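Q: One structure, as structure tokens, below. Some questions next.
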Amino acid sequence: AQKVTQAQTEISVVEKEDVTLDCVYETRDTTYYLFWYKQPPSGELVFLIRRNSFDEQNEISGRYSWNFQKSTSSFNFTITASQVVDSAVYFCALSEAWGSGNTGKLIFGQGTTLQVKP
Amino acid sequence: ETGVTQTPRHLVMGMTNKKSLKCEQHLGHNAMYWYKQSAKKPLELMFVYSLEERVENNSVPSRFSPECPNSSHLFLHLHTLQPEDSALYLCASSQRGGNEQFFGPGTRLTVL
């Protein structure tokens with residue numbers, strides 16, 4: 001069965017600190033996709049990144065970076081020099097490839113609430 | 001309009017009412033989804049439509065009835081709901097094939 005675990009329920013940092021959000025996943029499939037979404041107080045889920053299971057390259061986008069390690073089934077997200085606007089709930093998610101009964105649905109972790117204080 | 005839109009944004013209904021939630025995507029996608037986000041549970045999938053055909057029903061009670069008349073529109077018809085159905089209902093769309101899903105702003109539903 002697929003599962004995503006975000007062990008950190010809430011994190012509070014002071015502006016300009018670096019923060020890492022952890023994500024551990026379980027799946028039996030060899031082809032799968034990992035995602036991070038941001039949910040600000042407005043409620044809308046904002047797509048941040050997608051990785052497929054064959055691409056373990058780490059990625060950096062501005063202050064955001066992602067570390068995908070298949071050996072530990074982890075897909076961690078780091079925000080460098082955090083800002084107040086980064087305050088939100090962050091969700092890690094997993095989906096299987098379409099076909100063979102799979103429908104591309106997202107399996108979400110419980111979410112990590114990040115509070116960045118000025 | 002761009003992206004994924006949902007109406008209404010807020011809805012309050014009694015347990016005997018019938019209402020519908022509407023979702024529209026302007027992204028040319030061929031799959032659409034309903035998710036439920038409640039205070040006590042993580043985001044959970046309700047339904048998946050692919051090419052206007054329902055391909056997954058995640059054990060959702062029959063008081064929730066989805067409809068996908070075309071690839072751009074998705075509805076969730078509600079009737080005889082319970083207070084525990086109060087939640088944020090999110091619609092999403094994507095291209096099939098493991099691509100990212102784009103979400104609408106959600107409908108905040110309160111059942112009295």
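Letters A, B, ... mark the chains of the structure tokens in the order given; residue numbers begin at 1 per chain; ligand numbers begin at 1, in order shown.
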Step one, run DSSP on the backbone; step two, keep only residues of segment 31-98 of chain B assigned to strand (DSSP E or B); then write them as number ranges by chain.
A: B: 31-38, 41-50, 53-57, 64-70, 73-79, 87-94
Q: Give me the chain A side of the contact with chain B, cut-off 7 Å, one line per residue showing its nearest atom pair and distance in Å at one decimal, counting only C-alpha atoms, sorted by chain and residue number, as a Markdown table.
A:
```
| residue | atom | partner | partner_atom | distance |
| --- | --- | --- | --- | --- |
| A:Tyr33 | CA | B:Gly98 | CA | 6.2 |
| A:Gly43 | CA | B:Pro105 | CA | 6.2 |
| A:Glu44 | CA | B:Pro105 | CA | 4.3 |
| A:Leu45 | CA | B:Phe103 | CA | 5.8 |
| A:Phe47 | CA | B:Phe102 | CA | 6.8 |
| A:Arg50 | CA | B:Glu100 | CA | 6.5 |
| A:Ser95 | CA | B:Gly98 | CA | 6.8 |
| A:Glu96 | CA | B:Gly98 | CA | 6.8 |
| A:Ala97 | CA | B:Gly98 | CA | 5.4 |
| A:Trp98 | CA | B:Gly97 | CA | 5.4 |
| A:Thr103 | CA | B:Val55 | CA | 7.0 |
| A:Gly104 | CA | B:Gly98 | CA | 5.8 |
| A:Phe108 | CA | B:Leu43 | CA | 6.1 |
| A:Gly109 | CA | B:Pro42 | CA | 6.9 |
| A:Gln110 | CA | B:Pro42 | CA | 5.1 |
```
Q: With N, CA, C and O atoms retained, write the just-selected residues as a compact mmCIF listing (two decimals), in the first residue's frame.
A:
```
# COMPACT_ATOMS: atom_id res chain seq x y z
N TYR A 33 5.60 8.98 -8.75
CA TYR A 33 5.89 10.40 -8.82
C TYR A 33 5.72 11.01 -7.44
O TYR A 33 4.82 10.63 -6.69
N GLY A 43 -6.22 28.63 1.33
CA GLY A 43 -6.75 27.28 1.13
C GLY A 43 -6.36 26.61 -0.17
O GLY A 43 -6.42 25.38 -0.27
N GLU A 44 -5.98 27.35 -1.17
CA GLU A 44 -5.66 26.74 -2.45
C GLU A 44 -4.33 26.02 -2.41
O GLU A 44 -3.36 26.53 -1.88
N LEU A 45 -4.27 24.83 -2.95
CA LEU A 45 -3.02 24.07 -3.01
C LEU A 45 -2.20 24.55 -4.20
O LEU A 45 -2.68 24.54 -5.34
N PHE A 47 1.08 24.02 -6.50
CA PHE A 47 2.08 23.04 -6.92
C PHE A 47 3.48 23.65 -6.82
O PHE A 47 3.71 24.77 -7.27
N ARG A 50 7.54 18.38 -8.97
CA ARG A 50 7.23 16.99 -9.28
C ARG A 50 8.53 16.29 -9.64
O ARG A 50 9.34 16.83 -10.39
N SER A 95 2.12 9.69 -6.22
CA SER A 95 1.15 9.08 -7.12
C SER A 95 1.82 7.99 -7.93
O SER A 95 3.03 8.04 -8.17
N GLU A 96 1.03 7.01 -8.31
CA GLU A 96 1.52 5.95 -9.16
C GLU A 96 1.31 6.32 -10.61
O GLU A 96 0.54 7.22 -10.92
N ALA A 97 1.94 5.60 -11.48
CA ALA A 97 1.74 5.83 -12.91
C ALA A 97 0.36 5.35 -13.32
O ALA A 97 -0.16 4.38 -12.77
N TRP A 98 -0.24 6.04 -14.25
CA TRP A 98 -1.54 5.62 -14.78
C TRP A 98 -1.41 4.25 -15.42
O TRP A 98 -0.40 3.89 -15.99
N THR A 103 -4.80 5.26 -11.12
CA THR A 103 -5.49 6.40 -11.71
C THR A 103 -4.79 7.73 -11.46
O THR A 103 -5.38 8.78 -11.62
N GLY A 104 -3.55 7.68 -11.04
CA GLY A 104 -2.83 8.92 -10.84
C GLY A 104 -3.27 9.72 -9.64
O GLY A 104 -2.89 10.88 -9.49
N PHE A 108 -1.59 11.91 -0.05
CA PHE A 108 -0.95 13.00 0.67
C PHE A 108 -0.45 12.58 2.04
O PHE A 108 -1.03 11.72 2.69
N GLY A 109 0.62 13.24 2.47
CA GLY A 109 1.00 13.16 3.87
C GLY A 109 0.08 14.05 4.69
O GLY A 109 -0.81 14.71 4.16
N GLN A 110 0.32 14.04 5.98
CA GLN A 110 -0.55 14.77 6.89
C GLN A 110 -0.33 16.28 6.84
O GLN A 110 -1.14 17.04 7.36
```
Q: Excluding segment 79-81 of chain A and its own-chain neighbours fewer than 5 positions away, which residues fall within 6 Å of it when counting only C-alpha atoms? Please give them as a count of residues only.
A: 6
Q: Here is a test: counting only C-alpha atoms, which residue of A:Ser65, A:Asp22, A:Gln115, A:Pro40 is nearest to Gln83 of chain A?
A: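 Closest to Gln83 of chain A, using only C-alpha atoms: A:Gln115.
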